[in-house]
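S.K.: As input, take target.cif (mmCIF, C-alpha atoms):
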```cif
data_input
loop_
_atom_site.group_PDB
_atom_site.id
_atom_site.type_symbol
_atom_site.label_atom_id
_atom_site.label_comp_id
_atom_site.auth_asym_id
_atom_site.auth_seq_id
_atom_site.Cartn_x
_atom_site.Cartn_y
_atom_site.Cartn_z
ATOM 1 C CA MET A 1 -14.694 10.462 -14.354
ATOM 2 C CA SER A 2 -14.339 9.167 -17.857
ATOM 3 C CA LYS A 3 -17.256 7.719 -19.730
ATOM 4 C CA HIS A 4 -15.830 4.202 -19.279
ATOM 5 C CA GLY A 5 -15.624 4.547 -15.501
ATOM 6 C CA LEU A 6 -19.197 3.354 -14.887
ATOM 7 C CA HIS A 7 -18.822 0.300 -17.120
ATOM 8 C CA LEU A 8 -16.080 -1.604 -15.330
ATOM 9 C CA PRO A 9 -16.612 -5.360 -14.935
ATOM 10 C CA ARG A 10 -18.160 -6.552 -11.683
ATOM 11 C CA MET A 11 -14.927 -8.156 -10.492
ATOM 12 C CA ALA A 12 -13.071 -4.883 -11.091
ATOM 13 C CA TRP A 13 -15.512 -3.053 -8.811
ATOM 14 C CA TRP A 14 -15.040 -5.657 -6.081
ATOM 15 C CA LEU A 15 -11.280 -5.264 -6.438
ATOM 16 C CA LEU A 16 -11.716 -1.509 -5.954
ATOM 17 C CA VAL A 17 -13.750 -2.168 -2.796
ATOM 18 C CA VAL A 18 -11.028 -4.436 -1.413
ATOM 19 C CA SER A 19 -8.351 -1.932 -2.392
ATOM 20 C CA SER A 20 -10.259 0.903 -0.672
ATOM 21 C CA PHE A 21 -10.342 -0.990 2.624
ATOM 22 C CA PHE A 22 -6.677 -1.879 2.189
ATOM 23 C CA HIS A 23 -5.489 1.660 1.477
ATOM 24 C CA LEU A 24 -7.637 3.198 4.208
ATOM 25 C CA SER A 25 -5.989 0.867 6.710
ATOM 26 C CA ILE A 26 -2.492 1.506 5.327
ATOM 27 C CA SER A 27 -3.022 5.283 5.295
ATOM 28 C CA LEU A 28 -4.269 5.144 8.862
ATOM 29 C CA SER A 29 -1.300 3.292 10.340
ATOM 30 C CA ASN A 30 1.627 2.858 7.961
ATOM 31 C CA THR A 31 3.525 6.064 8.784
ATOM 32 C CA PHE A 32 2.699 5.771 12.468
ATOM 33 C CA VAL A 33 4.290 2.300 12.681
ATOM 34 C CA ASN A 34 7.648 4.020 12.154
ATOM 35 C CA ILE A 35 6.787 6.567 14.844
ATOM 36 C CA PHE A 36 5.690 3.781 17.210
ATOM 37 C CA VAL A 37 8.999 1.940 16.769
ATOM 38 C CA PHE A 38 10.940 5.194 17.228
ATOM 39 C CA LYS A 39 9.045 6.218 20.390
ATOM 40 C CA VAL A 40 9.679 2.852 22.026
ATOM 41 C CA ASP A 41 13.269 2.235 20.907
ATOM 42 C CA HIS A 42 14.430 5.889 20.607
ATOM 43 C CA SER A 43 16.733 4.894 17.761
ATOM 44 C CA PHE A 44 16.918 5.620 14.047
ATOM 45 C CA ALA A 45 18.664 2.267 13.679
ATOM 46 C CA ALA A 46 15.447 0.517 14.723
ATOM 47 C CA ILE A 47 13.610 2.304 11.890
ATOM 48 C CA ALA A 48 16.262 1.098 9.447
ATOM 49 C CA TRP A 49 15.990 -2.484 10.707
ATOM 50 C CA TYR A 50 12.221 -2.319 10.258
ATOM 51 C CA ASN A 51 12.284 -0.966 6.695
ATOM 52 C CA LEU A 52 15.312 -2.852 5.337
ATOM 53 C CA PRO A 53 13.743 -6.354 5.380
ATOM 54 C CA ILE A 54 10.641 -4.993 3.630
ATOM 55 C CA PHE A 55 12.548 -3.867 0.546
ATOM 56 C CA VAL A 56 14.967 -6.795 0.558
ATOM 57 C CA LEU A 57 12.157 -9.366 0.702
ATOM 58 C CA LEU A 58 9.790 -7.748 -1.815
ATOM 59 C CA PRO A 59 11.323 -9.130 -5.048
ATOM 60 C CA PHE A 60 11.684 -12.637 -3.591
ATOM 61 C CA THR A 61 8.149 -12.551 -2.170
ATOM 62 C CA PHE A 62 6.840 -11.519 -5.607
ATOM 63 C CA VAL A 63 8.264 -14.721 -7.103
ATOM 64 C CA PHE A 64 7.035 -16.865 -4.213
ATOM 65 C CA ALA A 65 3.561 -15.282 -4.378
ATOM 66 C CA ALA A 66 3.456 -16.013 -8.124
ATOM 67 C CA TRP A 67 4.337 -19.659 -7.400
ATOM 68 C CA ILE A 68 1.447 -19.838 -4.899
ATOM 69 C CA ALA A 69 -0.925 -18.108 -7.346
ATOM 70 C CA GLN A 70 -0.053 -20.650 -10.056
ATOM 71 C CA ARG A 71 -1.079 -23.514 -7.770
ATOM 72 C CA THR A 72 -4.185 -21.889 -6.251
ATOM 73 C CA SER A 73 -5.455 -18.624 -7.739
ATOM 74 C CA THR A 74 -4.382 -15.006 -7.906
ATOM 75 C CA ALA A 75 -7.295 -14.071 -5.652
ATOM 76 C CA MET A 76 -5.937 -16.487 -3.043
ATOM 77 C CA ALA A 77 -2.543 -14.765 -3.180
ATOM 78 C CA LEU A 78 -4.335 -11.453 -2.603
ATOM 79 C CA ARG A 79 -6.138 -12.865 0.433
ATOM 80 C CA ILE A 80 -2.857 -14.187 1.827
ATOM 81 C CA GLY A 81 -1.335 -10.724 1.457
ATOM 82 C CA ILE A 82 -4.258 -9.050 3.229
ATOM 83 C CA GLY A 83 -4.245 -11.730 5.917
ATOM 84 C CA LEU A 84 -0.538 -11.183 6.581
ATOM 85 C CA HIS A 85 -1.194 -7.447 6.945
ATOM 86 C CA ALA A 86 -3.914 -8.255 9.477
ATOM 87 C CA LEU A 87 -1.483 -10.575 11.293
ATOM 88 C CA PHE A 88 1.086 -7.757 11.403
ATOM 89 C CA TYR A 89 -1.281 -5.469 13.292
ATOM 90 C CA ALA A 90 -2.547 -8.322 15.455
ATOM 91 C CA VAL A 91 1.059 -8.884 16.580
ATOM 92 C CA THR A 92 1.484 -5.192 17.465
ATOM 93 C CA LEU A 93 -1.777 -5.315 19.431
ATOM 94 C CA PHE A 94 -1.113 -8.492 21.416
ATOM 95 C CA ILE A 95 2.621 -8.017 22.027
ATOM 96 C CA GLY A 96 2.459 -4.255 22.454
ATOM 97 C CA GLU A 97 5.698 -2.377 23.056
ATOM 98 C CA ARG A 98 7.743 -5.576 22.894
ATOM 99 C CA ALA A 99 7.024 -5.700 19.149
ATOM 100 C CA ALA A 100 8.946 -2.438 18.677
ATOM 101 C CA HIS A 101 12.055 -4.124 20.118
ATOM 102 C CA MET A 102 11.914 -6.658 17.257
ATOM 103 C CA PRO A 103 11.830 -4.297 14.259
ATOM 104 C CA TRP A 104 13.468 -6.808 11.910
ATOM 105 C CA ALA A 105 10.714 -9.359 12.632
ATOM 106 C CA LEU A 106 8.040 -6.756 11.938
ATOM 107 C CA GLY A 107 9.856 -5.852 8.729
ATOM 108 C CA VAL A 108 9.984 -9.477 7.571
ATOM 109 C CA LEU A 109 6.243 -9.887 8.186
ATOM 110 C CA MET A 110 5.418 -6.640 6.373
ATOM 111 C CA GLY A 111 7.717 -7.558 3.466
ATOM 112 C CA LEU A 112 5.911 -10.871 2.992
ATOM 113 C CA ALA A 113 2.508 -9.204 3.272
ATOM 114 C CA ALA A 114 3.314 -6.437 0.780
ATOM 115 C CA GLY A 115 4.833 -8.839 -1.741
ATOM 116 C CA PHE A 116 1.776 -11.109 -1.794
ATOM 117 C CA TYR A 117 -0.705 -8.247 -1.976
ATOM 118 C CA TRP A 118 0.961 -6.206 -4.715
ATOM 119 C CA LEU A 119 1.784 -9.182 -6.936
ATOM 120 C CA ALA A 120 -1.850 -10.275 -6.821
ATOM 121 C CA PHE A 121 -3.303 -6.774 -7.157
ATOM 122 C CA ASP A 122 -1.138 -5.942 -10.174
ATOM 123 C CA VAL A 123 -2.186 -9.141 -11.938
ATOM 124 C CA LEU A 124 -5.891 -8.907 -11.040
ATOM 125 C CA SER A 125 -6.142 -5.258 -12.047
ATOM 126 C CA VAL A 126 -5.173 -6.286 -15.587
ATOM 127 C CA GLU A 127 -7.108 -9.568 -15.557
ATOM 128 C CA PHE A 128 -10.377 -7.895 -14.486
ATOM 129 C CA THR A 129 -10.252 -5.046 -17.030
ATOM 130 C CA ASP A 130 -10.062 -5.039 -20.800
ATOM 131 C CA LYS A 131 -7.769 -2.724 -22.742
ATOM 132 C CA GLY A 132 -10.289 0.130 -22.694
ATOM 133 C CA GLY A 133 -10.900 -0.286 -18.970
ATOM 134 C CA HIS A 134 -7.337 0.061 -17.699
ATOM 135 C CA GLU A 135 -7.332 3.858 -17.520
ATOM 136 C CA PRO A 136 -10.783 4.211 -15.861
ATOM 137 C CA PHE A 137 -9.870 1.512 -13.338
ATOM 138 C CA PHE A 138 -6.532 3.008 -12.370
ATOM 139 C CA GLY A 139 -7.974 6.523 -12.423
ATOM 140 C CA THR A 140 -10.729 5.498 -10.009
ATOM 141 C CA HIS A 141 -8.236 3.548 -7.929
ATOM 142 C CA GLY A 142 -5.968 6.593 -7.766
ATOM 143 C CA VAL A 143 -8.787 8.854 -6.596
ATOM 144 C CA LEU A 144 -9.880 6.399 -3.882
ATOM 145 C CA THR A 145 -6.289 5.929 -2.722
ATOM 146 C CA SER A 146 -5.690 9.680 -2.580
ATOM 147 C CA VAL A 147 -8.903 10.242 -0.612
ATOM 148 C CA ALA A 148 -7.747 7.619 1.896
ATOM 149 C CA ASN A 149 -4.363 9.356 2.095
ATOM 150 C CA VAL A 150 -6.143 12.629 2.850
ATOM 151 C CA ILE A 151 -8.670 11.600 5.504
ATOM 152 C CA ALA A 152 -6.907 8.785 7.384
ATOM 153 C CA PRO A 153 -3.620 10.352 8.660
ATOM 154 C CA PRO A 154 -5.174 13.343 10.468
ATOM 155 C CA ILE A 155 -7.773 11.049 12.046
ATOM 156 C CA ALA A 156 -4.997 8.735 13.215
ATOM 157 C CA GLY A 157 -2.951 11.681 14.487
ATOM 158 C CA TRP A 158 -5.942 13.030 16.404
ATOM 159 C CA LEU A 159 -6.757 9.643 17.944
ATOM 160 C CA ILE A 160 -3.160 9.074 19.013
ATOM 161 C CA SER A 161 -2.850 12.563 20.498
ATOM 162 C CA ARG A 162 -6.196 12.453 22.349
ATOM 163 C CA GLU A 163 -5.944 8.923 23.689
ATOM 164 C CA ASP A 164 -2.399 9.489 24.897
ATOM 165 C CA VAL A 165 -3.697 12.494 26.856
ATOM 166 C CA PHE A 166 -6.638 10.654 28.451
ATOM 167 C CA LEU A 167 -5.293 7.125 28.908
ATOM 168 C CA GLY A 168 -1.539 7.639 28.900
ATOM 169 C CA GLY A 169 1.204 5.514 27.417
ATOM 170 C CA LEU A 170 0.847 4.363 23.826
ATOM 171 C CA SER A 171 -2.846 3.506 23.992
ATOM 172 C CA GLY A 172 -3.624 5.794 21.046
ATOM 173 C CA TYR A 173 -1.371 3.699 18.818
ATOM 174 C CA HIS A 174 -3.141 0.539 19.937
ATOM 175 C CA ILE A 175 -6.516 2.029 19.024
ATOM 176 C CA VAL A 176 -5.302 3.055 15.561
ATOM 177 C CA PHE A 177 -3.661 -0.328 14.980
ATOM 178 C CA GLY A 178 -6.874 -2.002 16.134
ATOM 179 C CA ILE A 179 -8.904 -0.038 13.578
ATOM 180 C CA SER A 180 -6.421 -1.025 10.867
ATOM 181 C CA PHE A 181 -6.729 -4.657 11.915
ATOM 182 C CA ALA A 182 -10.541 -4.434 11.624
ATOM 183 C CA LEU A 183 -10.274 -2.835 8.159
ATOM 184 C CA PHE A 184 -8.000 -5.640 6.965
ATOM 185 C CA ILE A 185 -10.521 -8.175 8.243
ATOM 186 C CA GLY A 186 -13.154 -6.322 6.205
ATOM 187 C CA ALA A 187 -10.900 -6.389 3.132
ATOM 188 C CA THR A 188 -10.387 -10.128 3.592
ATOM 189 C CA PHE A 189 -14.151 -10.657 3.820
ATOM 190 C CA PHE A 190 -14.849 -8.755 0.592
ATOM 191 C CA SER A 191 -11.938 -10.477 -1.167
ATOM 192 C CA PHE A 192 -13.994 -13.694 -1.175
ATOM 193 C CA ARG A 193 -16.177 -11.994 -3.803
ATOM 194 C CA LEU A 194 -13.220 -12.147 -6.200
ATOM 195 C CA ARG A 195 -12.996 -15.081 -8.579
ATOM 196 C CA SER A 196 -9.885 -15.772 -10.632
ATOM 197 C CA ASP A 197 -8.076 -18.640 -12.283
ATOM 198 C CA PRO A 198 -4.592 -19.857 -11.373
ATOM 199 C CA MET A 199 -1.961 -17.440 -12.609
ATOM 200 C CA SER A 200 -0.085 -18.305 -15.792
ATOM 201 C CA HIS A 201 3.627 -18.967 -15.726
ATOM 202 C CA LEU A 202 5.939 -16.239 -14.488
ATOM 203 C CA HIS A 203 8.418 -15.558 -17.294
ATOM 204 C CA LEU A 204 11.345 -13.968 -15.456
ATOM 205 C CA ARG A 205 13.748 -14.456 -18.359
ATOM 206 C CA ARG A 206 11.362 -12.761 -20.771
ATOM 207 C CA GLY A 207 11.010 -9.873 -18.364
ATOM 208 C CA LEU A 208 14.765 -9.440 -18.116
ATOM 209 C CA GLN A 209 15.101 -9.625 -21.896
ATOM 210 C CA ALA A 210 12.557 -6.801 -22.234
ATOM 211 C CA LEU A 211 15.035 -4.519 -20.477
ATOM 212 C CA ARG A 212 17.087 -4.514 -23.674
ATOM 213 C CA LYS A 213 14.480 -2.180 -25.147
ATOM 214 C CA ALA A 214 15.194 1.485 -24.527
ATOM 215 C CA SER A 215 11.578 2.274 -23.664
ATOM 216 C CA TRP A 216 11.490 -0.382 -20.931
ATOM 217 C CA MET A 217 14.853 0.743 -19.565
ATOM 218 C CA ARG A 218 13.581 4.319 -19.278
ATOM 219 C CA LEU A 219 10.422 3.081 -17.562
ATOM 220 C CA MET A 220 12.431 0.973 -15.113
ATOM 221 C CA ALA A 221 14.759 3.889 -14.352
ATOM 222 C CA ALA A 222 11.785 6.175 -13.699
ATOM 223 C CA SER A 223 10.098 3.509 -11.536
ATOM 224 C CA SER A 224 13.307 3.016 -9.530
ATOM 225 C CA ILE A 225 13.601 6.721 -8.823
ATOM 226 C CA TYR A 226 9.919 6.895 -7.884
ATOM 227 C CA GLY A 227 10.337 3.860 -5.623
ATOM 228 C CA LEU A 228 13.330 5.487 -3.928
ATOM 229 C CA ARG A 229 11.202 8.566 -3.296
ATOM 230 C CA GLU A 230 8.231 6.604 -1.944
ATOM 231 C CA GLY A 231 10.217 3.958 -0.079
ATOM 232 C CA VAL A 232 12.927 6.037 1.560
ATOM 233 C CA PHE A 233 12.412 9.771 1.449
ATOM 234 C CA MET A 234 8.676 9.898 2.169
ATOM 235 C CA PHE A 235 8.780 7.818 5.366
ATOM 236 C CA LEU A 236 11.973 9.612 6.423
ATOM 237 C CA ILE A 237 10.377 13.020 5.910
ATOM 238 C CA GLY A 238 7.393 11.954 8.001
ATOM 239 C CA LEU A 239 9.693 10.770 10.765
ATOM 240 C CA LEU A 240 11.651 14.030 10.684
ATOM 241 C CA VAL A 241 8.409 16.022 10.860
ATOM 242 C CA TYR A 242 7.519 14.124 14.024
ATOM 243 C CA VAL A 243 11.014 14.569 15.510
ATOM 244 C CA ALA A 244 10.865 18.316 14.798
ATOM 245 C CA THR A 245 7.329 18.866 16.113
ATOM 246 C CA GLY A 246 6.904 16.053 18.650
ATOM 247 C CA SER A 247 3.232 15.873 17.643
ATOM 248 C CA GLU A 248 1.401 13.072 15.890
ATOM 249 C CA MET A 249 -1.436 15.505 15.148
ATOM 250 C CA LYS A 250 0.887 17.856 13.241
ATOM 251 C CA LEU A 251 2.311 14.877 11.366
ATOM 252 C CA GLY A 252 -1.231 13.879 10.410
ATOM 253 C CA VAL A 253 -1.931 17.396 9.108
ATOM 254 C CA PHE A 254 1.316 17.292 7.122
ATOM 255 C CA LEU A 255 0.277 14.003 5.536
ATOM 256 C CA LEU A 256 -3.171 15.445 4.787
ATOM 257 C CA LEU A 257 -1.650 18.384 2.900
ATOM 258 C CA GLN A 258 0.726 16.025 1.128
ATOM 259 C CA GLY A 259 -2.135 13.788 -0.002
ATOM 260 C CA ASP A 260 -4.529 16.570 -1.050
ATOM 261 C CA PHE A 261 -2.984 17.400 -4.424
ATOM 262 C CA PRO A 262 -2.757 13.822 -5.766
ATOM 263 C CA SER A 263 -6.541 13.388 -5.380
ATOM 264 C CA TRP A 264 -7.165 16.297 -7.748
ATOM 265 C CA ARG A 265 -4.393 15.064 -10.050
ATOM 266 C CA PHE A 266 -5.940 11.610 -10.437
ATOM 267 C CA SER A 267 -9.363 13.173 -10.995
ATOM 268 C CA TRP A 268 -7.911 15.222 -13.834
ATOM 269 C CA LEU A 269 -6.147 12.224 -15.372
ATOM 270 C CA ASP A 270 -9.273 10.091 -15.174
ATOM 271 C CA GLY A 271 -11.161 12.747 -17.120
ATOM 272 C CA CYS A 272 -8.525 13.152 -19.821
ATOM 273 C CA PRO A 273 -9.528 12.444 -23.418
ATOM 274 C CA PRO A 274 -8.816 8.862 -24.544
ATOM 275 C CA ASN A 275 -6.398 10.094 -27.219
ATOM 276 C CA ILE A 276 -4.064 11.817 -24.761
ATOM 277 C CA ASP A 277 -0.416 10.811 -25.030
ATOM 278 C CA PRO A 278 0.263 8.043 -22.445
ATOM 279 C CA ALA A 279 3.746 9.409 -21.795
ATOM 280 C CA SER A 280 2.197 12.766 -20.908
ATOM 281 C CA SER A 281 -0.177 11.048 -18.475
ATOM 282 C CA VAL A 282 2.713 9.243 -16.772
ATOM 283 C CA LEU A 283 4.699 12.468 -16.539
ATOM 284 C CA ALA A 284 1.756 14.334 -15.006
ATOM 285 C CA ALA A 285 0.983 11.544 -12.543
ATOM 286 C CA SER A 286 4.552 11.341 -11.293
ATOM 287 C CA ALA A 287 5.159 15.072 -11.075
#
```
Would you encode the structure as structure tokens?
M.R.:
Amino acid sequence: MSKHGLHLPRMAWWLLVVSSFFHLSISLSNTFVNIFVFKVDHSFAAIAWYNLPIFVLLPFTFVFAAWIAQRTSTAMALRIGIGLHALFYAVTLFIGERAAHMPWALGVLMGLAAGFYWLAFDVLSVEFTDKGGHEPFFGTHGVLTSVANVIAPPIAGWLISREDVFLGGLSGYHIVFGISFALFIGATFFSFRLRSDPMSHLHLRRGLQALRKASWMRLMAASSIYGLREGVFMFLIGLLVYVATGSEMKLGVFLLLQGDFPSWRFSWLDGCPPNIDPASSVLAASA
């Protein structure tokens, strides 16, 4: 870890704690939500109807979350996002298999939850760190996220496989979703440690005007390609792994191997010299 990593502001450390709970819960259940919907509905169309509203709603939810943050605080927008994630898993727990027959409703709820959380997290991660603290914060955040991506999926796969054997049905999914719900409650509890002011105005026109610069256009193009990879291909690959193997445990192992390398990559980036070329860091992180 870089020499700045131990000198992050107190609020930045609390944000890392909240983010750790959040990503542990997401890593535990996110991929398996798609598998749950597929096992109940036996249709790829249901998976599409679950994921489509998420990506359609995200940009609109970003703007709405910013409007809420301007009138309350950015920390409040973060809590709303975490609370909506908790509500998502509460719905799957209380409604059970019937929830999988309403994939579009689940997608709408997840789209709202993700929009609120990521708008607030992106703003707070800059607000709570000075210029010299951005790289240590995001390096530490990347390591914690990668560790969650490594340990959570195989645990979830094992729980689903074992509980389905002993209890039958989809009880393993309910246990995993219940753990995720508890982790989101924990994240909500720790989020009350965060203190922030109302967010400043959201300058959409200024953001669109920035796209006239070649550097921003290249960054947006790279981000769009990365988003396509993360948003479409990664969940689809996980689903295909399950279809091919028929085993949640093997899917969990696949996700473990997939998440192992990024943890070492973020550790390396966090220890890079401060004078390293930022473009080189971005290239290495997205490789």
S.K.: Kindly resolve the PyMOL selection byres ((chain A and resi 204) around 12) on the present coordinates and return the residues as a list in words.
M.R.: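 Listing what the PyMOL selection byres ((chain A and resi 204) around 12) selects in the shown file: Pro59, Phe60, Phe62, Val63, Ala66, His201, Leu202, His203, Arg205, Arg206, Gly207, Leu208, Gln209, Ala210 and Leu211 of chain A.
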S.K.: Given only C-alpha atoms, how would the per-residue table for stretch 194-261 of chain A near stretch 151-161 of chain A read, listing every residue at most 9 Å away with its closest atom pair and distance in Å to one decimal, sorted by chain and number, as a Markdown table?
M.R.:
```
| residue | atom | partner | partner_atom | distance |
| --- | --- | --- | --- | --- |
| A:Ser247 | CA | A:Ser161 | CA | 7.5 |
| A:Glu248 | CA | A:Gly157 | CA | 4.8 |
| A:Met249 | CA | A:Gly157 | CA | 4.2 |
| A:Lys250 | CA | A:Gly157 | CA | 7.4 |
| A:Leu251 | CA | A:Gly157 | CA | 6.9 |
| A:Gly252 | CA | A:Pro154 | CA | 4.0 |
| A:Val253 | CA | A:Pro154 | CA | 5.4 |
| A:Phe254 | CA | A:Pro154 | CA | 8.3 |
| A:Leu255 | CA | A:Pro153 | CA | 6.2 |
| A:Leu256 | CA | A:Pro154 | CA | 6.4 |
| A:Gly259 | CA | A:Ile151 | CA | 8.8 |
```
S.K.: Enumerate, as a list of chain:residue names, the residues matched when the PyMOL selection byres ((chain A and resi 192) around 12) is run on the file above.
M.R.: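 Applied to this file, the PyMOL selection byres ((chain A and resi 192) around 12) selects A:Met11, A:Trp14, A:Leu15, A:Val17, A:Val18, A:Ser73, A:Thr74, A:Ala75, A:Met76, A:Ala77, A:Leu78, A:Arg79, A:Ile80, A:Ile82, A:Ile185, A:Gly186, A:Ala187, A:Thr188, A:Phe189, A:Phe190, A:Ser191, A:Arg193, A:Leu194, A:Arg195, A:Ser196.
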S.K.: Dump C-alpha atoms for the selected residues as a PDB file, in the coordinates of the input?
M.R.:
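The file below, again.pdb, is the result:
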```pdb
ATOM      1  CA  MET A  11     -14.927  -8.156 -10.492  1.00  0.00           C
ATOM      2  CA  TRP A  14     -15.040  -5.657  -6.081  1.00  0.00           C
ATOM      3  CA  LEU A  15     -11.280  -5.264  -6.438  1.00  0.00           C
ATOM      4  CA  VAL A  17     -13.750  -2.168  -2.796  1.00  0.00           C
ATOM      5  CA  VAL A  18     -11.028  -4.436  -1.413  1.00  0.00           C
ATOM      6  CA  SER A  73      -5.455 -18.624  -7.739  1.00  0.00           C
ATOM      7  CA  THR A  74      -4.382 -15.006  -7.906  1.00  0.00           C
ATOM      8  CA  ALA A  75      -7.295 -14.071  -5.652  1.00  0.00           C
ATOM      9  CA  MET A  76      -5.937 -16.487  -3.043  1.00  0.00           C
ATOM     10  CA  ALA A  77      -2.543 -14.765  -3.180  1.00  0.00           C
ATOM     11  CA  LEU A  78      -4.335 -11.453  -2.603  1.00  0.00           C
ATOM     12  CA  ARG A  79      -6.138 -12.865   0.433  1.00  0.00           C
ATOM     13  CA  ILE A  80      -2.857 -14.187   1.827  1.00  0.00           C
ATOM     14  CA  ILE A  82      -4.258  -9.050   3.229  1.00  0.00           C
ATOM     15  CA  ILE A 185     -10.521  -8.175   8.243  1.00  0.00           C
ATOM     16  CA  GLY A 186     -13.154  -6.322   6.205  1.00  0.00           C
ATOM     17  CA  ALA A 187     -10.900  -6.389   3.132  1.00  0.00           C
ATOM     18  CA  THR A 188     -10.387 -10.128   3.592  1.00  0.00           C
ATOM     19  CA  PHE A 189     -14.151 -10.657   3.820  1.00  0.00           C
ATOM     20  CA  PHE A 190     -14.849  -8.755   0.592  1.00  0.00           C
ATOM     21  CA  SER A 191     -11.938 -10.477  -1.167  1.00  0.00           C
ATOM     22  CA  ARG A 193     -16.177 -11.994  -3.803  1.00  0.00           C
ATOM     23  CA  LEU A 194     -13.220 -12.147  -6.200  1.00  0.00           C
ATOM     24  CA  ARG A 195     -12.996 -15.081  -8.579  1.00  0.00           C
ATOM     25  CA  SER A 196      -9.885 -15.772 -10.632  1.00  0.00           C
TER      26      SER A 196
END
```
S.K.: Ranking A:Leu87, A:Ala120, A:Tyr242, A:Ala221 by minimum distance to A:Ala69 and counting only C-alpha atoms, which one comes first?
M.R.: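 Ranked by minimum distance to A:Ala69, first place goes to A:Ala120.
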S.K.: Written as number ranges by chain, which residues does the PyMOL selection byres ((chain A and resi 55) around 12) give for the file shown?
M.R.: A: 48-54, 56-62, 104, 107-115, 227-228, 230-232
S.K.: Using C-alpha atoms, can you export the residues from the last selection as an mmCIF file, in the frame of the given file?
M.R.:
```
data_model
loop_
_atom_site.group_PDB
_atom_site.id
_atom_site.type_symbol
_atom_site.label_atom_id
_atom_site.label_comp_id
_atom_site.auth_asym_id
_atom_site.auth_seq_id
_atom_site.Cartn_x
_atom_site.Cartn_y
_atom_site.Cartn_z
ATOM 1 C CA ALA A 48 16.262 1.098 9.447
ATOM 2 C CA TRP A 49 15.990 -2.484 10.707
ATOM 3 C CA TYR A 50 12.221 -2.319 10.258
ATOM 4 C CA ASN A 51 12.284 -0.966 6.695
ATOM 5 C CA LEU A 52 15.312 -2.852 5.337
ATOM 6 C CA PRO A 53 13.743 -6.354 5.380
ATOM 7 C CA ILE A 54 10.641 -4.993 3.630
ATOM 8 C CA VAL A 56 14.967 -6.795 0.558
ATOM 9 C CA LEU A 57 12.157 -9.366 0.702
ATOM 10 C CA LEU A 58 9.790 -7.748 -1.815
ATOM 11 C CA PRO A 59 11.323 -9.130 -5.048
ATOM 12 C CA PHE A 60 11.684 -12.637 -3.591
ATOM 13 C CA THR A 61 8.149 -12.551 -2.170
ATOM 14 C CA PHE A 62 6.840 -11.519 -5.607
ATOM 15 C CA TRP A 104 13.468 -6.808 11.910
ATOM 16 C CA GLY A 107 9.856 -5.852 8.729
ATOM 17 C CA VAL A 108 9.984 -9.477 7.571
ATOM 18 C CA LEU A 109 6.243 -9.887 8.186
ATOM 19 C CA MET A 110 5.418 -6.640 6.373
ATOM 20 C CA GLY A 111 7.717 -7.558 3.466
ATOM 21 C CA LEU A 112 5.911 -10.871 2.992
ATOM 22 C CA ALA A 113 2.508 -9.204 3.272
ATOM 23 C CA ALA A 114 3.314 -6.437 0.780
ATOM 24 C CA GLY A 115 4.833 -8.839 -1.741
ATOM 25 C CA GLY A 227 10.337 3.860 -5.623
ATOM 26 C CA LEU A 228 13.330 5.487 -3.928
ATOM 27 C CA GLU A 230 8.231 6.604 -1.944
ATOM 28 C CA GLY A 231 10.217 3.958 -0.079
ATOM 29 C CA VAL A 232 12.927 6.037 1.560
#
```
S.K.: Please list as a list in words every residue within 10 Å of A:Arg98, counting only C-alpha atoms and excluding residues in the same chain fewer than 5 positions away.
M.R.: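 Everything that qualifies: Val37, Val40, Asp41, Val91, Thr92 and Pro103 of chain A.
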S.K.: Select, counting only C-alpha atoms, all protein, DNA and RNA residues no farther than 10 Å from (9.2, 5.0, 14.8) in file coordinates, and express the selection as a PDB file with C-alpha atoms, in the coordinates of the input.
M.R.:
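Result went into out.pdb, see below:
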```
ATOM      1  CA  THR A  31       3.525   6.064   8.784  1.00  0.00           C
ATOM      2  CA  PHE A  32       2.699   5.771  12.468  1.00  0.00           C
ATOM      3  CA  VAL A  33       4.290   2.300  12.681  1.00  0.00           C
ATOM      4  CA  ASN A  34       7.648   4.020  12.154  1.00  0.00           C
ATOM      5  CA  ILE A  35       6.787   6.567  14.844  1.00  0.00           C
ATOM      6  CA  PHE A  36       5.690   3.781  17.210  1.00  0.00           C
ATOM      7  CA  VAL A  37       8.999   1.940  16.769  1.00  0.00           C
ATOM      8  CA  PHE A  38      10.940   5.194  17.228  1.00  0.00           C
ATOM      9  CA  LYS A  39       9.045   6.218  20.390  1.00  0.00           C
ATOM     10  CA  VAL A  40       9.679   2.852  22.026  1.00  0.00           C
ATOM     11  CA  ASP A  41      13.269   2.235  20.907  1.00  0.00           C
ATOM     12  CA  HIS A  42      14.430   5.889  20.607  1.00  0.00           C
ATOM     13  CA  SER A  43      16.733   4.894  17.761  1.00  0.00           C
ATOM     14  CA  PHE A  44      16.918   5.620  14.047  1.00  0.00           C
ATOM     15  CA  ALA A  45      18.664   2.267  13.679  1.00  0.00           C
ATOM     16  CA  ALA A  46      15.447   0.517  14.723  1.00  0.00           C
ATOM     17  CA  ILE A  47      13.610   2.304  11.890  1.00  0.00           C
ATOM     18  CA  ALA A  48      16.262   1.098   9.447  1.00  0.00           C
ATOM     19  CA  TYR A  50      12.221  -2.319  10.258  1.00  0.00           C
ATOM     20  CA  ALA A 100       8.946  -2.438  18.677  1.00  0.00           C
ATOM     21  CA  PRO A 103      11.830  -4.297  14.259  1.00  0.00           C
ATOM     22  CA  PHE A 235       8.780   7.818   5.366  1.00  0.00           C
ATOM     23  CA  LEU A 236      11.973   9.612   6.423  1.00  0.00           C
ATOM     24  CA  GLY A 238       7.393  11.954   8.001  1.00  0.00           C
ATOM     25  CA  LEU A 239       9.693  10.770  10.765  1.00  0.00           C
ATOM     26  CA  TYR A 242       7.519  14.124  14.024  1.00  0.00           C
ATOM     27  CA  VAL A 243      11.014  14.569  15.510  1.00  0.00           C
TER      28      VAL A 243
END
```
